[in-house]
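Below: the structure, in structure tokens.
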Amino acid sequence: KAGVTQTPRYLIKTRGQQVTLSCSPISGHRSVSWYQQTPGQGLQFLFEYFSETQRNKGNFPGRFSGRQFSNSRSEMNVSTLELGDSALYLCASSWGQGGEQYFGPGTRLTVT
Amino acid sequence: GEDVEQSLFLSVREGDSSVINCTYTDSSSTYLYWYKQEPGAGLQLLTYIFSNMDMKQDQRLTVLLNKKDKHLSLRIADTQTGDSAIYFCAESMDYGGATNKLIFGTGTLLAVQP
């Protein structure tokens with residue numbers, strides 16, 4: 001069974017641009033969560049989707065948004081990029097609620 | 001409140017046991033997890049425990065949960081150099097509805113000396 005995949009793996013953008021990151025969960029998993037990892041703030045929860053519905057959201061500005069498609073694939077978008085958005089963005093997939101949550105390899109975003 | 005704490009660094013010799021500790025503050029935790037992160041990589045799920053369990057063993061890994069003290073530990077037996085990594089504990093909580101939101105600790109860097 002293939003694991004969680006994230007594309008692209010690396011991305012360099014300039015301030016003010018926007019970016020879209022993609023996550024494909026493990027086959028059969030319906031929940032996708034997104035996290036931001038930075039040296040200063042550690043791992044912080046962005047949002048979670050289940051069956052195309054956002055069911056939880058972290059404390060991030062409205063520039064951060066996401067969606068989930070009917071095949072459970074998810075995208076997150078960051079508009080008007082700031083230097084502080086440079087981070088490793090990780091997504092996690094699980095079947096339903098609780099239990100095993102598997103992470104992808106992440107997308108490394110650098111904002112210059 | 002939501003807070004998970006871990007010590008920052010642990011150094012052990014190859015072949016010894018490692019014990020990584022974690023404390024959390026929210027008594028409504030439902031699942032508690034241990035993840036491993038190697039440089040430049042994502043998070044690898046090592047093991048997890050449901051909050052009504054005291055212990056779980058999986059090959060070289062033993063998880064102990066003391067719910068009264070809100071303390072979680074991960075013991076790695078016969079530690080190898082390949083175990084060198086950052087280890088994160090995480091909790092998921094019951095917010096009164098379905099969610100998989102995880103609260104992570106700061107991570108413990110495990111250095112295994114040959």
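Identifiers in this document derive from the order of the structure tokens: chains are assigned A, B, ..., residues are numbered from 1 separately in each chain, and ligands are numbered from 1 in order of occurrence.
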With only C-alpha atoms considered, list every residue of chain B at most 9 Å from chain A, as number ranges by chain.
B: 30-31, 33, 40-45, 47-50, 92, 97-107
Suppose we keep N, CA, C and O atoms; can you now write the selection as a compact mmCIF listing (two decimals), in the first residue's frame?
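New file again_13.txt:
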```txt
# COMPACT_ATOMS: atom_id res chain seq x y z
N THR B 30 -7.27 11.45 24.30
CA THR B 30 -7.83 10.15 23.94
C THR B 30 -6.75 9.20 23.46
O THR B 30 -6.68 8.06 23.87
N TYR B 31 -5.89 9.66 22.55
CA TYR B 31 -4.78 8.85 22.07
C TYR B 31 -3.48 9.62 22.30
O TYR B 31 -3.45 10.85 22.19
N TYR B 33 0.69 9.50 21.11
CA TYR B 33 1.51 8.97 20.02
C TYR B 33 2.99 9.25 20.25
O TYR B 33 3.37 10.23 20.91
N GLY B 40 15.56 15.97 7.52
CA GLY B 40 15.02 16.16 6.18
C GLY B 40 13.83 15.28 5.84
O GLY B 40 13.38 15.26 4.69
N ALA B 41 13.30 14.57 6.83
CA ALA B 41 12.21 13.63 6.54
C ALA B 41 10.92 14.04 7.25
O ALA B 41 10.91 14.96 8.07
N GLY B 42 9.85 13.34 6.92
CA GLY B 42 8.58 13.56 7.60
C GLY B 42 8.57 12.82 8.93
O GLY B 42 9.61 12.40 9.44
N LEU B 43 7.39 12.65 9.49
CA LEU B 43 7.24 11.97 10.78
C LEU B 43 6.86 10.51 10.56
O LEU B 43 5.92 10.22 9.82
N GLN B 44 7.59 9.65 11.23
CA GLN B 44 7.30 8.21 11.14
C GLN B 44 6.56 7.78 12.41
O GLN B 44 7.07 7.96 13.52
N LEU B 45 5.37 7.22 12.24
CA LEU B 45 4.62 6.73 13.39
C LEU B 45 5.32 5.51 13.97
O LEU B 45 5.51 4.51 13.29
N THR B 47 4.48 4.26 17.43
CA THR B 47 3.48 3.54 18.20
C THR B 47 2.50 4.55 18.79
O THR B 47 2.77 5.76 18.79
N TYR B 48 1.37 4.05 19.25
CA TYR B 48 0.42 4.93 19.92
C TYR B 48 -0.33 4.10 20.96
O TYR B 48 -0.35 2.87 20.91
N ILE B 49 -0.94 4.79 21.91
CA ILE B 49 -1.63 4.11 23.00
C ILE B 49 -2.94 4.83 23.27
O ILE B 49 -3.02 6.07 23.19
N PHE B 50 -3.96 4.08 23.51
CA PHE B 50 -5.25 4.65 23.86
C PHE B 50 -5.19 5.04 25.33
O PHE B 50 -4.53 4.38 26.13
N SER B 92 -3.95 13.49 21.06
CA SER B 92 -5.18 13.94 20.41
C SER B 92 -6.25 13.97 21.48
O SER B 92 -6.21 13.17 22.42
N GLY B 97 -16.33 16.41 19.60
CA GLY B 97 -16.72 16.02 18.25
C GLY B 97 -15.57 15.30 17.60
O GLY B 97 -14.49 15.20 18.17
N ALA B 98 -15.78 14.80 16.42
CA ALA B 98 -14.75 14.03 15.75
C ALA B 98 -13.62 14.94 15.29
O ALA B 98 -13.86 15.96 14.66
N THR B 99 -12.41 14.59 15.63
CA THR B 99 -11.27 15.33 15.13
C THR B 99 -10.03 14.48 15.31
O THR B 99 -9.95 13.65 16.20
N ASN B 100 -9.04 14.72 14.45
CA ASN B 100 -7.75 14.07 14.57
C ASN B 100 -6.64 15.05 14.91
O ASN B 100 -5.48 14.74 14.73
N LYS B 101 -7.00 16.23 15.40
CA LYS B 101 -5.99 17.25 15.70
C LYS B 101 -4.99 16.71 16.72
O LYS B 101 -5.38 16.16 17.75
N LEU B 102 -3.71 16.86 16.42
CA LEU B 102 -2.65 16.44 17.33
C LEU B 102 -1.96 17.67 17.91
O LEU B 102 -1.69 18.64 17.20
N ILE B 103 -1.64 17.58 19.21
CA ILE B 103 -0.81 18.58 19.87
C ILE B 103 0.54 17.91 20.11
O ILE B 103 0.61 16.87 20.78
N PHE B 104 1.59 18.52 19.58
CA PHE B 104 2.92 17.92 19.64
C PHE B 104 3.77 18.54 20.73
O PHE B 104 3.65 19.73 21.04
N GLY B 105 4.65 17.72 21.27
CA GLY B 105 5.69 18.22 22.13
C GLY B 105 6.80 18.86 21.30
O GLY B 105 6.75 18.86 20.06
N THR B 106 7.81 19.38 22.00
CA THR B 106 8.89 20.09 21.33
C THR B 106 9.89 19.16 20.67
O THR B 106 10.72 19.60 19.89
N GLY B 107 9.82 17.87 21.02
CA GLY B 107 10.75 16.92 20.44
C GLY B 107 11.98 16.70 21.31
O GLY B 107 12.47 17.63 21.94
```
Could you pull out the strand (DSSP E) residues of region 4-64 of chain B from DSSP and send them as an MDAnalysis selection string?
chainID B and resid 4:6 9:13 18:24 29:37 43:50 55:58 61:64
Keeping only N, CA and C atoms, take the residues you just selected and write them out as a CSV table (one decimal), in the first residue's frame.
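The file below, result.csv, is the result:
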```
chain,number,residue,atom,x,y,z
B,4,VAL,N,2.2,20.2,25.7
B,4,VAL,CA,3.0,18.9,25.8
B,4,VAL,C,4.4,19.2,26.0
B,5,GLU,N,5.1,18.7,27.0
B,5,GLU,CA,6.5,19.0,27.2
B,5,GLU,C,7.4,17.8,27.1
B,6,GLN,N,8.6,18.0,26.6
B,6,GLN,CA,9.6,16.9,26.5
B,6,GLN,C,10.9,17.6,26.8
B,9,PHE,N,17.1,16.8,24.9
B,9,PHE,CA,18.2,16.0,24.5
B,9,PHE,C,18.4,14.8,25.3
B,10,LEU,N,18.8,13.7,24.7
B,10,LEU,CA,19.2,12.5,25.4
B,10,LEU,C,20.3,11.8,24.7
B,11,SER,N,21.4,11.5,25.4
B,11,SER,CA,22.5,10.8,24.8
B,11,SER,C,22.6,9.4,25.5
B,12,VAL,N,22.8,8.4,24.7
B,12,VAL,CA,23.0,7.0,25.2
B,12,VAL,C,24.0,6.3,24.4
B,13,ARG,N,24.5,5.2,25.0
B,13,ARG,CA,25.5,4.4,24.3
B,13,ARG,C,24.7,3.3,23.5
B,18,SER,N,17.0,3.4,26.0
B,18,SER,CA,16.7,4.8,26.0
B,18,SER,C,15.4,5.0,26.6
B,19,VAL,N,15.2,6.0,27.4
B,19,VAL,CA,13.8,6.4,27.9
B,19,VAL,C,13.6,7.8,27.6
B,20,ILE,N,12.6,8.1,26.8
B,20,ILE,CA,12.2,9.5,26.5
B,20,ILE,C,10.9,9.8,27.1
B,21,ASN,N,10.9,10.9,27.8
B,21,ASN,CA,9.7,11.2,28.7
B,21,ASN,C,8.9,12.4,28.1
B,22,CYS,N,7.6,12.4,28.4
B,22,CYS,CA,6.7,13.4,27.9
B,22,CYS,C,5.7,13.7,29.0
B,23,THR,N,5.3,15.0,29.2
B,23,THR,CA,4.2,15.3,30.1
B,23,THR,C,3.2,16.1,29.3
B,24,TYR,N,1.9,15.9,29.6
B,24,TYR,CA,0.9,16.7,28.9
B,24,TYR,C,-0.1,17.2,30.0
B,29,SER,N,-7.2,13.8,26.9
B,29,SER,CA,-6.5,13.2,25.8
B,29,SER,C,-7.1,11.8,25.6
B,30,THR,N,-7.3,11.5,24.3
B,30,THR,CA,-7.8,10.2,23.9
B,30,THR,C,-6.7,9.2,23.5
B,31,TYR,N,-5.9,9.7,22.6
B,31,TYR,CA,-4.8,8.9,22.1
B,31,TYR,C,-3.5,9.6,22.3
B,32,LEU,N,-2.4,8.9,22.6
B,32,LEU,CA,-1.1,9.5,22.7
B,32,LEU,C,-0.1,8.7,21.8
B,33,TYR,N,0.7,9.5,21.1
B,33,TYR,CA,1.5,9.0,20.0
B,33,TYR,C,3.0,9.3,20.2
B,34,TRP,N,3.8,8.4,19.6
B,34,TRP,CA,5.2,8.7,19.5
B,34,TRP,C,5.6,8.6,18.0
B,35,TYR,N,6.3,9.7,17.6
B,35,TYR,CA,6.7,9.8,16.2
B,35,TYR,C,8.2,10.0,16.2
B,36,LYS,N,8.9,9.5,15.1
B,36,LYS,CA,10.3,9.7,14.9
B,36,LYS,C,10.5,10.5,13.7
B,37,GLN,N,11.5,11.5,13.8
B,37,GLN,CA,11.8,12.3,12.6
B,37,GLN,C,13.3,12.3,12.4
B,43,LEU,N,7.4,12.6,9.5
B,43,LEU,CA,7.2,12.0,10.8
B,43,LEU,C,6.9,10.5,10.6
B,44,GLN,N,7.6,9.6,11.2
B,44,GLN,CA,7.3,8.2,11.1
B,44,GLN,C,6.6,7.8,12.4
B,45,LEU,N,5.4,7.2,12.2
B,45,LEU,CA,4.6,6.7,13.4
B,45,LEU,C,5.3,5.5,14.0
B,46,LEU,N,5.7,5.6,15.3
B,46,LEU,CA,6.3,4.5,15.9
B,46,LEU,C,5.3,3.6,16.6
B,47,THR,N,4.5,4.3,17.4
B,47,THR,CA,3.5,3.5,18.2
B,47,THR,C,2.5,4.5,18.8
B,48,TYR,N,1.4,4.1,19.2
B,48,TYR,CA,0.4,4.9,19.9
B,48,TYR,C,-0.3,4.1,21.0
B,49,ILE,N,-0.9,4.8,21.9
B,49,ILE,CA,-1.6,4.1,23.0
B,49,ILE,C,-2.9,4.8,23.3
B,50,PHE,N,-4.0,4.1,23.5
B,50,PHE,CA,-5.2,4.7,23.9
B,50,PHE,C,-5.2,5.0,25.3
B,55,MET,N,0.1,0.4,29.3
B,55,MET,CA,1.3,0.0,28.7
B,55,MET,C,1.0,-0.6,27.4
B,56,LYS,N,2.0,-0.5,26.5
B,56,LYS,CA,1.9,-1.1,25.2
B,56,LYS,C,3.3,-1.5,24.8
B,57,GLN,N,3.5,-2.7,24.3
B,57,GLN,CA,4.9,-3.2,23.9
B,57,GLN,C,4.8,-3.6,22.4
B,58,ASP,N,5.8,-3.1,21.7
B,58,ASP,CA,5.9,-3.5,20.3
B,58,ASP,C,7.4,-3.7,19.9
B,61,LEU,N,10.1,-1.4,21.5
B,61,LEU,CA,9.5,-0.2,22.0
B,61,LEU,C,8.5,-0.6,23.1
B,62,THR,N,8.6,0.1,24.2
B,62,THR,CA,7.6,0.0,25.3
B,62,THR,C,7.1,1.4,25.6
B,63,VAL,N,5.8,1.5,25.6
B,63,VAL,CA,5.2,2.8,26.0
B,63,VAL,C,4.5,2.6,27.4
B,64,LEU,N,4.8,3.6,28.3
B,64,LEU,CA,4.1,3.6,29.6
B,64,LEU,C,3.3,4.8,29.7
```
Do a neighbour search on Leu109 (chain A) at 9 Å with only C-alpha atoms, toss out local chain neighbours closer than 4 positions, and write the hits as a ChimeraX atom specification.
/A:9-13,85-89
So which one's closest to Gly16 (chain A), A:Thr53, A:Gln37, A:Thr110, A:Thr80? Using only C-alpha atoms, please.
A:Thr80
So that I can see what lies close to Thr79 (chain B), please list as a PyMOL selection string the residues with an atom at most 7 Å from it, counting only C-alpha atoms and leaving out residues fewer than 5 positions away in the same chain.
chain B and resi 14-18
Mind giving me the straight-line distance from CA of Ser24 (chain A) to CA of Phe69 (chain A) in Å, one decimal?
10.1 Å
I need the residue nearest Asn66 (chain B) from this list: B:Thr108, B:Pro39, B:Tyr87, B:Ser27. Use only C-alpha atoms for the distance.
B:Ser27
Within 10 Å of Gln17 (chain A) using only C-alpha atoms, minus same-chain residues under 3 positions, as a PyMOL selection string:
chain A and resi 13-14+78-82+111
For the atom pair CA of Arg30 (chain A) and CA of Glu52 (chain A), what is the interatomic distance in Å to one decimal place?
8.6 Å
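Of the residues listed (B:Lys67, B:Arg60, B:Glu38, B:Ser84), B:Lys67 shows the shortest atom-to-atom separation from Thr25 (chain B); distances use only C-alpha atoms.
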Record the distance separating CA of Ile86 (chain B) and CA of Leu8 (chain B), expressed in Å with one decimal.
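Taking CA of Ile86 (chain B) and CA of Leu8 (chain B), their separation equals 9.1 Å.
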If you count only C-alpha atoms, which residues fall within 8 Å of Thr81 (chain B), apart from same-chain ones fewer than 6 positions away, as a list in words?
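Selected residues are Glu14, Ala111, Val112, Gln113 and Pro114 of chain B.
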Keeping only N, CA and C atoms, take the residues you just selected and write them out as a short mmCIF file (atom, residue, chain, number, x, y, z; two decimals), in the first residue's frame.
```cif
data_model
loop_
_atom_site.label_atom_id
_atom_site.label_comp_id
_atom_site.auth_asym_id
_atom_site.auth_seq_id
_atom_site.Cartn_x
_atom_site.Cartn_y
_atom_site.Cartn_z
N GLU B 14 25.28 2.90 22.39
CA GLU B 14 24.70 1.81 21.60
C GLU B 14 24.57 0.57 22.48
N ALA B 111 20.65 11.05 20.72
CA ALA B 111 21.96 10.81 20.10
C ALA B 111 22.51 9.50 20.64
N VAL B 112 22.80 8.57 19.74
CA VAL B 112 23.31 7.26 20.14
C VAL B 112 24.79 7.20 19.82
N GLN B 113 25.59 7.02 20.86
CA GLN B 113 27.04 6.97 20.70
C GLN B 113 27.48 5.53 20.45
N PRO B 114 28.31 5.30 19.41
CA PRO B 114 28.76 3.92 19.12
C PRO B 114 29.70 3.39 20.18
#
```
Of the candidates A:Trp95, A:Arg63, A:Glu75, A:Gln36, which shows the shortest atom-to-atom distance to Pro8 (chain A), using only C-alpha atoms?
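Checking each candidate against Pro8 (chain A), we get A:Glu75 as the closest.
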